[in-house]
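Printed here is final_13.cif (mmCIF, C-alpha atoms):
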data_start
#
loop_
_atom_site.label_atom_id
_atom_site.label_comp_id
_atom_site.auth_asym_id
_atom_site.auth_seq_id
_atom_site.Cartn_x
_atom_site.Cartn_y
_atom_site.Cartn_z
CA MET A 4 14.71 -40.82 12.44
CA SER A 5 13.26 -39.70 9.09
CA ARG A 6 13.41 -36.15 7.80
CA THR A 7 9.65 -35.79 8.15
CA THR A 8 9.77 -36.87 11.79
CA ARG A 9 12.51 -34.33 12.49
CA LEU A 10 10.45 -31.58 10.87
CA LEU A 11 7.38 -32.54 12.88
CA LEU A 12 9.35 -32.42 16.12
CA LEU A 13 10.89 -29.10 15.12
CA VAL A 14 7.58 -27.34 14.47
CA ALA A 15 6.14 -28.77 17.70
CA PHE A 16 9.18 -27.45 19.59
CA VAL A 17 8.86 -24.00 18.04
CA ALA A 18 5.16 -23.94 18.94
CA ALA A 19 5.95 -24.95 22.52
CA LEU A 20 8.55 -22.19 22.91
CA VAL A 21 5.89 -19.48 22.87
CA ARG A 22 2.97 -21.41 24.37
CA LEU A 23 4.28 -22.87 27.61
CA PRO A 24 6.38 -20.07 29.20
CA GLY A 25 4.36 -17.74 31.41
CA LEU A 26 1.20 -19.81 31.04
CA GLY A 27 0.17 -18.95 34.61
CA TYR A 28 -0.32 -15.25 33.86
CA PRO A 29 -2.86 -13.70 34.20
CA THR A 30 -3.28 -15.21 37.63
CA GLU A 31 -7.07 -15.24 37.39
CA GLU A 32 -9.62 -16.28 34.80
CA TYR A 33 -9.92 -13.77 31.98
CA PHE A 34 -12.31 -13.30 29.07
CA ASP A 35 -14.28 -16.54 28.41
CA GLU A 36 -12.21 -18.51 30.91
CA VAL A 37 -14.76 -17.36 33.48
CA TYR A 38 -17.15 -19.74 31.70
CA HIS A 39 -15.01 -22.49 30.22
CA ALA A 40 -12.44 -23.02 32.99
CA LYS A 41 -15.08 -22.89 35.71
CA THR A 42 -17.25 -25.32 33.77
CA ALA A 43 -14.31 -27.72 33.54
CA LEU A 44 -14.04 -27.61 37.34
CA GLN A 45 -17.79 -28.15 37.69
CA TYR A 46 -17.61 -31.30 35.58
CA LEU A 47 -14.93 -32.65 37.92
CA ARG A 48 -17.12 -31.87 40.92
CA GLY A 49 -20.23 -33.38 39.36
CA GLU A 50 -21.97 -30.00 39.38
CA PRO A 51 -24.29 -28.64 36.66
CA PRO A 52 -22.15 -26.83 34.07
CA THR A 53 -22.38 -23.06 33.87
CA GLU A 54 -21.40 -23.01 30.19
CA TRP A 55 -23.65 -25.23 28.10
CA VAL A 56 -23.95 -23.25 24.84
CA HIS A 57 -21.09 -25.21 23.27
CA PRO A 58 -20.72 -29.01 23.32
CA PRO A 59 -18.77 -30.39 26.31
CA LEU A 60 -15.57 -31.85 24.84
CA ALA A 61 -13.30 -28.80 25.11
CA LYS A 62 -14.29 -28.26 28.75
CA LEU A 63 -13.64 -31.93 29.50
CA LEU A 64 -10.16 -31.67 27.98
CA ILE A 65 -9.48 -28.53 30.02
CA ALA A 66 -10.64 -30.48 33.07
CA ALA A 67 -7.87 -33.04 32.51
CA GLY A 68 -5.20 -30.51 33.46
CA VAL A 69 -7.23 -29.42 36.48
CA LEU A 70 -7.72 -33.03 37.56
CA VAL A 71 -3.98 -33.70 37.57
CA PHE A 72 -2.60 -30.38 38.86
CA GLY A 73 -5.48 -28.65 40.62
CA TYR A 74 -7.40 -25.53 39.70
CA GLU A 75 -4.51 -23.22 38.84
CA PRO A 76 -4.31 -20.75 35.93
CA TRP A 77 -1.49 -22.63 34.23
CA SER A 78 -3.22 -25.99 34.70
CA PHE A 79 -6.56 -24.99 33.19
CA ARG A 80 -4.62 -23.50 30.25
CA LEU A 81 -2.41 -26.56 29.85
CA ALA A 82 -4.72 -28.59 27.58
CA PRO A 83 -5.25 -25.66 25.16
CA ALA A 84 -1.48 -25.12 25.06
CA LEU A 85 -0.86 -28.79 24.29
CA ALA A 86 -3.57 -28.67 21.63
CA GLY A 87 -1.88 -25.63 20.10
CA ILE A 88 1.47 -27.41 20.11
CA LEU A 89 0.00 -30.56 18.55
CA LEU A 90 -1.79 -28.49 15.91
CA ALA A 91 1.56 -27.47 14.36
CA PRO A 92 2.71 -30.99 13.31
CA VAL A 93 -0.84 -31.94 12.31
CA PHE A 94 -0.96 -28.93 10.03
CA LEU A 95 2.48 -29.72 8.60
CA LEU A 96 1.34 -33.26 7.77
CA LEU A 97 -1.75 -31.82 6.08
CA ALA A 98 0.39 -29.33 4.13
CA LEU A 99 2.79 -32.07 3.04
CA ARG A 100 -0.16 -34.06 1.71
CA VAL A 101 -1.91 -31.16 -0.03
CA LEU A 102 0.95 -29.10 -1.42
CA ALA A 103 3.32 -30.12 -4.19
CA THR A 104 6.62 -29.50 -2.40
CA GLU A 105 8.07 -29.76 1.07
CA ARG A 106 9.18 -26.13 0.77
CA ALA A 107 5.60 -24.96 0.19
CA ALA A 108 4.44 -26.99 3.21
CA LEU A 109 7.13 -25.45 5.39
CA PHE A 110 6.22 -21.96 4.19
CA ALA A 111 2.57 -22.58 5.09
CA THR A 112 3.43 -24.02 8.51
CA ALA A 113 5.83 -21.18 9.32
CA LEU A 114 3.08 -18.67 8.57
CA LEU A 115 0.56 -20.43 10.80
CA LEU A 116 3.14 -20.51 13.60
CA VAL A 117 3.49 -16.70 13.49
CA ASP A 118 -0.23 -15.96 13.56
CA GLY A 119 -1.28 -14.05 16.65
CA VAL A 120 -4.75 -15.54 17.11
CA TYR A 121 -3.33 -19.06 16.86
CA LEU A 122 -0.92 -18.23 19.70
CA VAL A 123 -3.47 -16.46 21.90
CA GLN A 124 -6.06 -19.23 21.53
CA SER A 125 -3.39 -21.74 22.56
CA ARG A 126 -2.80 -19.91 25.86
CA ILE A 127 -6.36 -19.42 27.09
CA ALA A 128 -8.93 -21.88 28.41
CA MET A 129 -11.36 -21.52 25.51
CA THR A 130 -12.75 -23.93 22.94
CA ASN A 131 -11.44 -22.52 19.66
CA VAL A 132 -8.01 -24.14 19.44
CA PHE A 133 -9.48 -27.61 20.05
CA ALA A 134 -11.97 -27.11 17.23
CA VAL A 135 -9.24 -26.12 14.76
CA LEU A 136 -7.01 -29.00 15.84
CA PHE A 137 -9.74 -31.60 15.30
CA GLN A 138 -10.92 -29.99 12.06
CA LEU A 139 -7.42 -30.14 10.57
CA LEU A 140 -6.92 -33.66 11.89
CA ALA A 141 -10.19 -34.67 10.21
CA ALA A 142 -9.03 -33.06 6.95
CA LEU A 143 -5.71 -34.91 7.12
CA LEU A 144 -7.31 -38.27 7.85
CA MET A 145 -10.03 -37.79 5.22
CA LEU A 146 -7.46 -36.97 2.52
CA ARG A 147 -5.43 -40.02 3.53
CA ALA A 148 -8.53 -42.21 3.28
CA LEU A 149 -9.54 -40.77 -0.09
CA SER A 150 -6.07 -41.29 -1.55
CA GLN A 151 -6.70 -45.05 -1.68
CA GLU A 152 -8.19 -46.56 -4.82
CA ARG A 153 -10.47 -48.64 -2.60
CA LEU A 154 -11.73 -46.94 0.53
CA LEU A 155 -10.61 -48.67 3.71
CA PRO A 156 -13.12 -48.87 6.58
CA GLY A 157 -10.46 -48.16 9.21
CA ALA A 158 -9.24 -45.02 7.46
CA MET A 159 -12.76 -43.68 7.00
CA ALA A 160 -13.59 -44.50 10.61
CA ALA A 161 -10.55 -42.54 11.82
CA ALA A 162 -11.68 -39.53 9.80
CA GLY A 163 -15.20 -39.89 11.18
CA ILE A 164 -13.97 -39.96 14.77
CA ALA A 165 -11.92 -36.80 14.16
CA LEU A 166 -15.00 -35.11 12.70
CA GLY A 167 -16.94 -36.15 15.77
CA LEU A 168 -14.30 -34.64 18.04
CA ALA A 169 -14.49 -31.37 16.11
CA LEU A 170 -18.29 -31.26 16.31
CA ALA A 171 -18.22 -32.16 20.00
CA THR A 172 -16.09 -29.06 20.55
CA ARG A 173 -17.91 -26.34 18.57
CA TRP A 174 -20.92 -26.29 16.27
CA THR A 175 -18.91 -24.15 13.84
CA SER A 176 -17.17 -27.40 12.91
CA LEU A 177 -20.31 -28.15 10.87
CA TRP A 178 -18.79 -25.97 8.16
CA ALA A 179 -15.63 -28.08 8.14
CA TRP A 180 -17.89 -31.15 8.09
CA GLY A 181 -19.68 -29.81 5.02
CA PHE A 182 -16.44 -28.85 3.31
CA LEU A 183 -14.96 -32.31 3.80
CA GLY A 184 -18.21 -33.83 2.57
CA LEU A 185 -17.77 -31.91 -0.67
CA VAL A 186 -14.14 -33.06 -0.84
CA PHE A 187 -15.34 -36.65 -0.44
CA LEU A 188 -17.81 -36.27 -3.32
CA ALA A 189 -15.30 -34.47 -5.55
CA LYS A 190 -12.53 -37.02 -4.99
CA ARG A 191 -14.66 -40.15 -5.35
CA GLY A 192 -17.00 -38.98 -8.10
CA ARG A 193 -19.57 -41.58 -9.12
CA ARG A 194 -17.94 -44.15 -6.88
CA ALA A 195 -19.25 -42.22 -3.87
CA PHE A 196 -22.76 -43.44 -4.73
CA SER A 197 -21.91 -47.13 -4.85
CA PRO A 198 -23.48 -49.10 -1.98
CA ARG A 199 -20.10 -49.76 -0.31
CA GLU A 200 -18.91 -46.16 -0.44
CA LEU A 201 -22.30 -44.81 0.59
CA LEU A 202 -22.07 -46.95 3.71
CA LEU A 203 -18.51 -45.82 4.43
CA GLY A 204 -19.48 -42.21 3.81
CA ALA A 205 -22.41 -42.56 6.22
CA LEU A 206 -20.05 -44.11 8.77
CA ALA A 207 -17.55 -41.23 8.51
CA PHE A 208 -19.98 -38.32 8.19
CA LEU A 209 -23.02 -39.43 10.19
CA VAL A 210 -22.73 -42.47 12.43
CA LEU A 211 -19.35 -41.94 14.09
CA PRO A 212 -19.62 -38.13 14.44
CA ALA A 213 -23.03 -38.56 16.07
CA ALA A 214 -21.69 -41.27 18.39
CA VAL A 215 -18.67 -39.22 19.46
CA TYR A 216 -20.87 -36.17 19.95
CA LEU A 217 -23.26 -38.11 22.19
CA LEU A 218 -20.39 -39.64 24.15
CA SER A 219 -19.09 -36.16 24.98
CA TYR A 220 -22.28 -35.68 27.03
CA VAL A 221 -21.71 -38.78 29.17
CA PRO A 222 -20.29 -36.81 32.16
CA TRP A 223 -23.37 -34.58 32.03
CA MET A 224 -25.71 -37.56 31.71
CA ARG A 225 -24.05 -39.10 34.78
CA GLN A 226 -25.52 -36.17 36.72
CA GLY A 227 -28.97 -37.64 36.14
CA HIS A 228 -29.75 -36.58 32.57
CA THR A 229 -30.91 -38.78 29.71
CA VAL A 230 -30.33 -38.99 25.98
CA ALA A 231 -33.65 -37.19 25.56
CA ASP A 232 -32.27 -34.37 27.71
CA VAL A 233 -29.22 -34.19 25.43
CA LEU A 234 -31.48 -33.81 22.41
CA ARG A 235 -33.51 -31.08 24.11
CA THR A 236 -30.28 -29.29 25.01
CA GLN A 237 -29.33 -29.11 21.33
CA ARG A 238 -32.58 -27.25 20.68
CA ASP A 239 -31.74 -24.88 23.54
CA VAL A 240 -28.21 -24.32 22.22
CA TRP A 241 -29.62 -23.36 18.82
CA ALA A 242 -32.16 -21.04 20.41
CA TYR A 243 -29.46 -19.36 22.49
CA HIS A 244 -27.22 -18.55 19.52
CA ALA A 245 -30.05 -17.72 17.12
CA ASN A 246 -31.74 -15.33 19.54
CA LEU A 247 -28.66 -13.78 21.17
CA THR A 248 -29.20 -10.02 21.37
CA ALA A 249 -26.37 -9.07 23.73
CA THR A 250 -23.81 -6.49 22.64
CA HIS A 251 -20.07 -6.30 23.27
CA THR A 252 -17.38 -3.64 22.98
CA TYR A 253 -15.35 -5.80 20.62
CA PHE A 254 -18.15 -7.05 18.39
CA SER A 255 -17.30 -6.91 14.68
CA PRO A 256 -19.28 -7.86 11.52
CA TRP A 257 -18.04 -11.00 9.78
CA TRP A 258 -17.04 -9.21 6.58
CA THR A 259 -14.53 -7.02 8.48
CA TRP A 260 -12.53 -9.88 10.03
CA PRO A 261 -9.85 -10.43 7.36
CA TRP A 262 -9.09 -6.70 7.35
CA LEU A 263 -8.49 -6.60 11.12
CA TYR A 264 -10.89 -3.71 11.57
CA ARG A 265 -11.79 -4.60 15.16
CA HIS A 266 -10.05 -7.24 17.22
CA THR A 267 -10.73 -8.39 20.77
CA TRP A 268 -8.75 -7.39 23.83
CA TYR A 269 -8.96 -10.31 26.24
CA PHE A 270 -6.98 -8.83 29.13
CA TRP A 271 -5.56 -5.48 30.27
CA PHE A 272 -3.46 -4.34 33.24
CA SER A 273 -1.96 -0.90 33.85
CA GLY A 274 0.16 0.00 36.84
CA GLU A 275 3.63 -0.03 38.38
CA GLY A 276 4.98 1.90 35.39
CA CYS A 277 3.98 -0.70 32.79
CA VAL A 278 1.06 -2.13 30.88
CA ARG A 279 0.27 -5.76 30.09
CA GLY A 280 -2.33 -6.93 27.67
CA ILE A 281 -3.56 -9.87 25.61
CA VAL A 282 -5.22 -9.17 22.27
CA ALA A 283 -6.56 -11.67 19.74
CA LEU A 284 -4.96 -9.95 16.76
CA GLY A 285 -4.19 -11.88 13.61
CA ASN A 286 -0.88 -11.32 11.86
CA PRO A 287 -1.59 -8.47 9.39
CA ALA A 288 0.71 -10.02 6.76
CA ILE A 289 -1.46 -13.17 6.80
CA TRP A 290 -4.96 -11.88 7.50
CA TRP A 291 -4.82 -8.98 5.03
CA ALA A 292 -3.61 -11.43 2.37
CA SER A 293 -6.09 -14.20 3.25
CA VAL A 294 -8.99 -13.21 0.98
CA PRO A 295 -6.89 -12.22 -2.08
CA VAL A 296 -4.66 -15.31 -1.95
CA SER A 297 -7.61 -17.64 -1.32
CA LEU A 298 -9.50 -16.09 -4.22
CA TRP A 299 -6.38 -16.51 -6.38
CA ALA A 300 -6.14 -20.16 -5.33
CA LEU A 301 -9.82 -20.76 -6.10
CA VAL A 302 -9.85 -19.05 -9.51
CA THR A 303 -6.57 -20.51 -10.75
CA GLY A 304 -7.50 -23.88 -9.30
CA ILE A 305 -10.68 -23.91 -11.36
CA ARG A 306 -8.87 -22.66 -14.47
CA TRP A 307 -6.02 -25.17 -14.29
CA ARG A 308 -7.92 -27.96 -12.52
CA ASP A 309 -5.43 -27.86 -9.69
CA GLU A 310 -6.85 -29.89 -6.78
CA ALA A 311 -4.44 -28.39 -4.23
CA ARG A 312 -5.46 -24.81 -5.01
CA LEU A 313 -9.13 -25.71 -5.05
CA PHE A 314 -8.77 -27.38 -1.66
CA CYS A 315 -7.08 -24.31 -0.16
CA GLY A 316 -9.41 -21.71 -1.68
CA ALA A 317 -12.62 -23.63 -1.06
CA GLY A 318 -11.51 -24.52 2.47
CA PHE A 319 -10.98 -20.86 3.37
CA PHE A 320 -14.23 -19.55 1.93
CA LEU A 321 -16.40 -22.44 3.11
CA LEU A 322 -15.16 -21.99 6.68
CA TYR A 323 -15.48 -18.19 6.51
CA VAL A 324 -18.45 -17.12 4.35
CA PRO A 325 -21.07 -19.14 6.33
CA TRP A 326 -20.60 -16.64 9.14
CA GLY A 327 -22.53 -14.25 6.93
CA LEU A 328 -25.47 -16.70 7.04
CA SER A 329 -25.24 -17.54 10.73
CA PRO A 330 -28.24 -16.45 12.80
CA ARG A 331 -25.89 -15.48 15.63
CA THR A 332 -25.23 -11.75 15.54
CA LEU A 333 -22.72 -11.32 18.39
CA ASN A 334 -19.50 -12.36 16.64
CA PHE A 335 -15.79 -11.63 17.05
CA SER A 336 -12.94 -11.41 14.57
CA HIS A 337 -11.01 -14.30 16.12
CA TYR A 338 -13.70 -16.65 14.75
CA LEU A 339 -11.90 -16.41 11.39
CA PHE A 340 -9.15 -18.53 12.95
CA GLU A 341 -10.86 -21.71 11.72
CA ALA A 342 -10.38 -20.59 8.08
CA ILE A 343 -6.87 -19.11 8.40
CA PRO A 344 -4.98 -22.46 8.04
CA TYR A 345 -6.38 -22.78 4.52
CA ALA A 346 -5.18 -19.27 3.68
CA CYS A 347 -1.73 -20.31 4.94
CA LEU A 348 -1.83 -23.31 2.60
CA ALA A 349 -2.67 -21.01 -0.32
CA LEU A 350 0.13 -18.66 0.70
CA GLY A 351 2.50 -21.63 0.79
CA ILE A 352 1.66 -22.38 -2.85
CA TRP A 353 2.01 -18.73 -3.88
CA LEU A 354 5.38 -18.27 -2.13
CA ASP A 355 6.70 -21.52 -3.56
CA ARG A 356 5.80 -20.35 -7.06
CA ARG A 357 7.53 -17.03 -6.50
CA TRP A 358 10.63 -18.92 -5.36
CA ASP A 359 10.67 -21.08 -8.50
CA ARG A 360 10.14 -18.09 -10.79
CA GLY A 361 13.24 -16.23 -9.76
CA GLN A 362 11.45 -14.14 -7.11
CA ALA A 363 12.97 -15.77 -4.05
CA LEU A 364 13.76 -12.33 -2.63
CA LEU A 365 10.05 -11.47 -2.67
CA ALA A 366 9.18 -14.73 -0.90
CA ARG A 367 11.90 -14.20 1.69
CA GLY A 368 10.82 -10.62 2.23
CA TYR A 369 7.23 -11.64 2.84
CA LEU A 370 8.24 -14.32 5.34
CA VAL A 371 10.56 -11.89 7.15
CA LEU A 372 7.73 -9.35 7.32
CA ALA A 373 5.33 -11.94 8.78
CA VAL A 374 7.87 -13.00 11.42
CA ALA A 375 8.75 -9.38 12.23
CA LEU A 376 5.10 -8.45 12.77
CA PHE A 377 4.64 -11.49 15.00
CA LEU A 378 7.60 -10.38 17.14
CA VAL A 379 6.35 -6.79 17.29
CA PHE A 380 2.96 -7.86 18.62
CA LEU A 381 4.29 -10.72 20.78
CA PRO A 382 4.21 -8.65 24.01
CA PHE A 383 0.47 -8.18 23.58
CA LEU A 384 -0.11 -11.78 22.62
CA THR A 385 1.49 -13.11 25.81
CA ALA A 386 1.11 -10.23 28.34
CA ILE A 387 4.81 -9.30 28.42
CA PRO A 388 5.21 -6.04 30.44
CA ILE A 389 5.71 -2.91 28.32
CA PRO A 390 6.80 0.45 29.85
CA THR A 391 3.87 2.85 29.94
CA PRO A 392 5.70 5.61 28.00
CA LEU A 393 6.41 3.18 25.18
CA TRP A 394 2.77 2.13 25.05
CA SER A 395 1.69 5.79 25.06
CA PHE A 396 4.10 6.81 22.28
CA ARG A 397 2.39 8.07 19.14
CA PHE A 398 3.71 8.71 15.65
CA PRO A 399 2.80 12.02 13.94
CA THR A 400 -0.13 10.22 12.28
CA GLY A 401 -1.58 9.42 15.71
CA ALA A 402 -0.87 5.70 15.44
CA GLY A 403 0.93 3.84 18.19
CA ILE A 404 3.44 1.02 17.88
CA TRP A 405 0.72 -1.54 18.63
CA THR A 406 -2.41 0.52 17.91
CA TRP A 407 -2.24 1.39 14.24
CA PHE A 408 -5.86 2.50 13.87
CA PRO A 409 -8.43 4.02 16.26
CA SER A 410 -10.51 0.82 16.10
CA TRP A 411 -7.55 -1.17 17.47
CA ILE A 412 -7.92 0.29 20.95
#

Show me, as structure tokens, the structure contained in the file I just sent.
Amino acid sequence: MSRTTRLLLLVAFVAALVRLPGLGYPTEEYFDEVYHAKTALQYLRGEPPTEWVHPPLAKLLIAAGVLVFGYEPWSFRLAPALAGILLAPVFLLLALRVLATERAALFATALLLVDGVYLVQSRIAMTNVFAVLFQLLAALLMLRALSQERLLPGAMAAAGIALGLALATRWTSLWAWGFLGLVFLAKRGRRAFSPRELLLGALAFLVLPAAVYLLSYVPWMRQGHTVADVLRTQRDVWAYHANLTATHTYFSPWWTWPWLYRHTWYFWFSGEGCVRGIVALGNPAIWWASVPVSLWALVTGIRWRDEARLFCGAGFFLLYVPWGLSPRTLNFSHYLFEAIPYACLALGIWLDRRWDRGQALLARGYLVLAVALFLVFLPFLTAIPIPTPLWSFRFPTGAGIWTWFPSWI
């Protein structure tokens, strides 16, 4: 067994340690599970889906666990948990390809593993973790394809299928699609406009994604709908998001997300002398650093023509900033999760440089801080019971152990 294989198995095991235990709690649907989990069950029953404002693929994957084990909380969360586990080795492979050293790749992967939103989205029957998994898989496969002097049809097709899977999960994957399109043009240069590479580019970015996207609607079409109905549904999906006027307690403007101004509480229970909660809170050590380190990667990447830094910085901003242009106004901070892996890649580069420049203590300290914050918030990422007096404790400043600012409640 190679060293890389051992590392891939290790990160998958670490991811599984905090994703599989206690997957059956809460014992009822919570937050958007009331839409996505129930829709998965409706697909299995051949009933019209309640949730249609996102493409079907994530709900169909959730339905796989329900099909095998029945409609139980742990079973409709099983596919997201497996996706979250698989995401760790996929990200490590991407980091090993992008970053200059194995150490930098391990730093980046360790940081992603201790992000709170990544964990929470892996333990709930929602669509987000599938989108990030397929986006990163598409990035990995596209970079592998572009590393060849002569593009190979099979490699480009694999990347195109992964892009299709991402788009068939969430429309926000269009930003990853656009980012990888720019990567394709930047890596191939003038060759991208040769007849052969134009055809392969069309295959990877248009034909196969469209085919996979359409195939994800086959279970719905088997209920008596046509391809024309699928096309009309896309218009309705756009209209829904563009005209959404609903409000929510945990709404937050897109520009506040990296600063963790307002995160989303998915679940809350109080009684029997304890509290239990689930909050989609990013790791402060990562999210607060995400914009500065990505900006550093982008600026220094341009200055020194460093492709790795450009990839990390551009990836973060191109998957984040479009939220400021989105017509949808009801947004939540956990949407930044799609951009966070690229910030982790940039942090991997930065920490690796600190290590090589005699500042290993700084790098170690940062990693210890990130892990410590993950462990502090772990009870409210996985609904571990906390004694009520401990939850109610306040420091002289008014902050609690888990509620540092008034907007965190």

| message | So that I can check the surroundings of A:Ser255, please list as a ChimeraX atom specification every protein, DNA and RNA residue that reaches within 9 Å of it, counting all atoms listed in the file and ignoring chain neighbours fewer than 6 positions away. | response | /A:264-266,333-336

Exercise for the section: I would like the residues chosen by the PyMOL selection byres ((chain A and resi 114-127) around 8) on the shown file; could you give them as JSON, numbers by chain? Expected result: {"A": [18, 21, 22, 23, 26, 36, 80, 81, 83, 84, 85, 86, 87, 88, 91, 110, 111, 112, 113, 128, 129, 131, 132, 281, 282, 283, 284, 285, 286, 289, 337, 340, 343, 344, 347, 370, 373, 374, 377, 380, 381, 384, 385]}

Store the residues picked out above, limited to C-alpha atoms, as a PDB file, in the frame of the given file.
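Final file, again.pdb:
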ATOM      1  CA  ALA A  18       5.160 -23.940  18.940  1.00  0.00           C
ATOM      2  CA  VAL A  21       5.890 -19.480  22.870  1.00  0.00           C
ATOM      3  CA  ARG A  22       2.970 -21.410  24.370  1.00  0.00           C
ATOM      4  CA  LEU A  23       4.280 -22.870  27.610  1.00  0.00           C
ATOM      5  CA  LEU A  26       1.200 -19.810  31.040  1.00  0.00           C
ATOM      6  CA  GLU A  36     -12.210 -18.510  30.910  1.00  0.00           C
ATOM      7  CA  ARG A  80      -4.620 -23.500  30.250  1.00  0.00           C
ATOM      8  CA  LEU A  81      -2.410 -26.560  29.850  1.00  0.00           C
ATOM      9  CA  PRO A  83      -5.250 -25.660  25.160  1.00  0.00           C
ATOM     10  CA  ALA A  84      -1.480 -25.120  25.060  1.00  0.00           C
ATOM     11  CA  LEU A  85      -0.860 -28.790  24.290  1.00  0.00           C
ATOM     12  CA  ALA A  86      -3.570 -28.670  21.630  1.00  0.00           C
ATOM     13  CA  GLY A  87      -1.880 -25.630  20.100  1.00  0.00           C
ATOM     14  CA  ILE A  88       1.470 -27.410  20.110  1.00  0.00           C
ATOM     15  CA  ALA A  91       1.560 -27.470  14.360  1.00  0.00           C
ATOM     16  CA  PHE A 110       6.220 -21.960   4.190  1.00  0.00           C
ATOM     17  CA  ALA A 111       2.570 -22.580   5.090  1.00  0.00           C
ATOM     18  CA  THR A 112       3.430 -24.020   8.510  1.00  0.00           C
ATOM     19  CA  ALA A 113       5.830 -21.180   9.320  1.00  0.00           C
ATOM     20  CA  ALA A 128      -8.930 -21.880  28.410  1.00  0.00           C
ATOM     21  CA  MET A 129     -11.360 -21.520  25.510  1.00  0.00           C
ATOM     22  CA  ASN A 131     -11.440 -22.520  19.660  1.00  0.00           C
ATOM     23  CA  VAL A 132      -8.010 -24.140  19.440  1.00  0.00           C
ATOM     24  CA  ILE A 281      -3.560  -9.870  25.610  1.00  0.00           C
ATOM     25  CA  VAL A 282      -5.220  -9.170  22.270  1.00  0.00           C
ATOM     26  CA  ALA A 283      -6.560 -11.670  19.740  1.00  0.00           C
ATOM     27  CA  LEU A 284      -4.960  -9.950  16.760  1.00  0.00           C
ATOM     28  CA  GLY A 285      -4.190 -11.880  13.610  1.00  0.00           C
ATOM     29  CA  ASN A 286      -0.880 -11.320  11.860  1.00  0.00           C
ATOM     30  CA  ILE A 289      -1.460 -13.170   6.800  1.00  0.00           C
ATOM     31  CA  HIS A 337     -11.010 -14.300  16.120  1.00  0.00           C
ATOM     32  CA  PHE A 340      -9.150 -18.530  12.950  1.00  0.00           C
ATOM     33  CA  ILE A 343      -6.870 -19.110   8.400  1.00  0.00           C
ATOM     34  CA  PRO A 344      -4.980 -22.460   8.040  1.00  0.00           C
ATOM     35  CA  CYS A 347      -1.730 -20.310   4.940  1.00  0.00           C
ATOM     36  CA  LEU A 370       8.240 -14.320   5.340  1.00  0.00           C
ATOM     37  CA  ALA A 373       5.330 -11.940   8.780  1.00  0.00           C
ATOM     38  CA  VAL A 374       7.870 -13.000  11.420  1.00  0.00           C
ATOM     39  CA  PHE A 377       4.640 -11.490  15.000  1.00  0.00           C
ATOM     40  CA  PHE A 380       2.960  -7.860  18.620  1.00  0.00           C
ATOM     41  CA  LEU A 381       4.290 -10.720  20.780  1.00  0.00           C
ATOM     42  CA  LEU A 384      -0.110 -11.780  22.620  1.00  0.00           C
ATOM     43  CA  THR A 385       1.490 -13.110  25.810  1.00  0.00           C
TER      44      THR A 385
END

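Nearest to A:Pro59 of all the residues A:Phe182, A:Phe208, A:Trp223, A:Phe270 is A:Trp223, counting only C-alpha atoms.
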
As lines of an AutoDock Vina configuration file, what would the box around stretch 232-238 of chain A look like: edges along x, y and z, 4 Å added on every side, centre and edge lengths in Å to one decimal?
center_x = -31.4
center_y = -30.8
center_z = 24.2
size_x = 12.3
size_y = 15.1
size_z = 15.0

Query raised in the report: For A:Asp355, which residue out of A:Met159, A:Leu109, A:Leu12, A:Leu44 is the nearest one, using all atoms listed in the file?
Result: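 The answer is A:Leu109, which sits nearest to A:Asp355.
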
Across A:Tyr220, A:Cys315, A:Asp309, A:Tyr269, the smallest distance to A:Leu183, with only C-alpha atoms counted, is shown by A:Cys315

Considering only C-alpha atoms, give me a table of residues in stretch 244-349 of chain A that are at most 12 Å from stretch 135-152 of chain A, with the closest atom pair and distance in Å for each, as a tab-separated table.
residue	atom	partner	partner_atom	distance
A:Glu310	CA	A:Leu146	CA	11.7
A:Ala311	CA	A:Leu146	CA	11.3
A:Phe314	CA	A:Ala142	CA	10.3
A:Cys315	CA	A:Ala142	CA	11.4
A:Gly318	CA	A:Ala142	CA	10.0
A:Leu322	CA	A:Gln138	CA	10.5
A:Tyr338	CA	A:Val135	CA	10.5
A:Leu339	CA	A:Val135	CA	10.6
A:Phe340	CA	A:Val135	CA	7.8
A:Glu341	CA	A:Val135	CA	5.6
A:Ala342	CA	A:Val135	CA	8.7
A:Ile343	CA	A:Val135	CA	9.8
A:Pro344	CA	A:Leu139	CA	8.4
A:Tyr345	CA	A:Leu139	CA	9.6
A:Leu348	CA	A:Leu139	CA	11.9

Resolved residues for the PyMOL selection byres ((chain A and resi 245) around 10) as a list in words: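 When the PyMOL selection byres ((chain A and resi 245) around 10) is applied to the shown file, the picked residues are Asp239, Val240, Trp241, Ala242, Tyr243, His244, Asn246, Leu247, Thr248, Ser329, Pro330, Arg331, Thr332 and Leu333 of chain A.
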
Could you list the residues chosen by the PyMOL selection byres ((chain A and resi 62) around 8) in this structure as a list in words? His39, Ala40, Thr42, Ala43, Pro59, Leu60, Ala61, Leu63, Leu64, Ile65, Ala66 and Thr130 of chain A

How would the residues just picked look written out with C-alpha atoms as an mmCIF file, keeping the file's coordinate frame?
data_model
loop_
_atom_site.group_PDB
_atom_site.id
_atom_site.type_symbol
_atom_site.label_atom_id
_atom_site.label_comp_id
_atom_site.auth_asym_id
_atom_site.auth_seq_id
_atom_site.Cartn_x
_atom_site.Cartn_y
_atom_site.Cartn_z
ATOM 1 C CA HIS A 39 -15.010 -22.490 30.220
ATOM 2 C CA ALA A 40 -12.440 -23.020 32.990
ATOM 3 C CA THR A 42 -17.250 -25.320 33.770
ATOM 4 C CA ALA A 43 -14.310 -27.720 33.540
ATOM 5 C CA PRO A 59 -18.770 -30.390 26.310
ATOM 6 C CA LEU A 60 -15.570 -31.850 24.840
ATOM 7 C CA ALA A 61 -13.300 -28.800 25.110
ATOM 8 C CA LEU A 63 -13.640 -31.930 29.500
ATOM 9 C CA LEU A 64 -10.160 -31.670 27.980
ATOM 10 C CA ILE A 65 -9.480 -28.530 30.020
ATOM 11 C CA ALA A 66 -10.640 -30.480 33.070
ATOM 12 C CA THR A 130 -12.750 -23.930 22.940
#
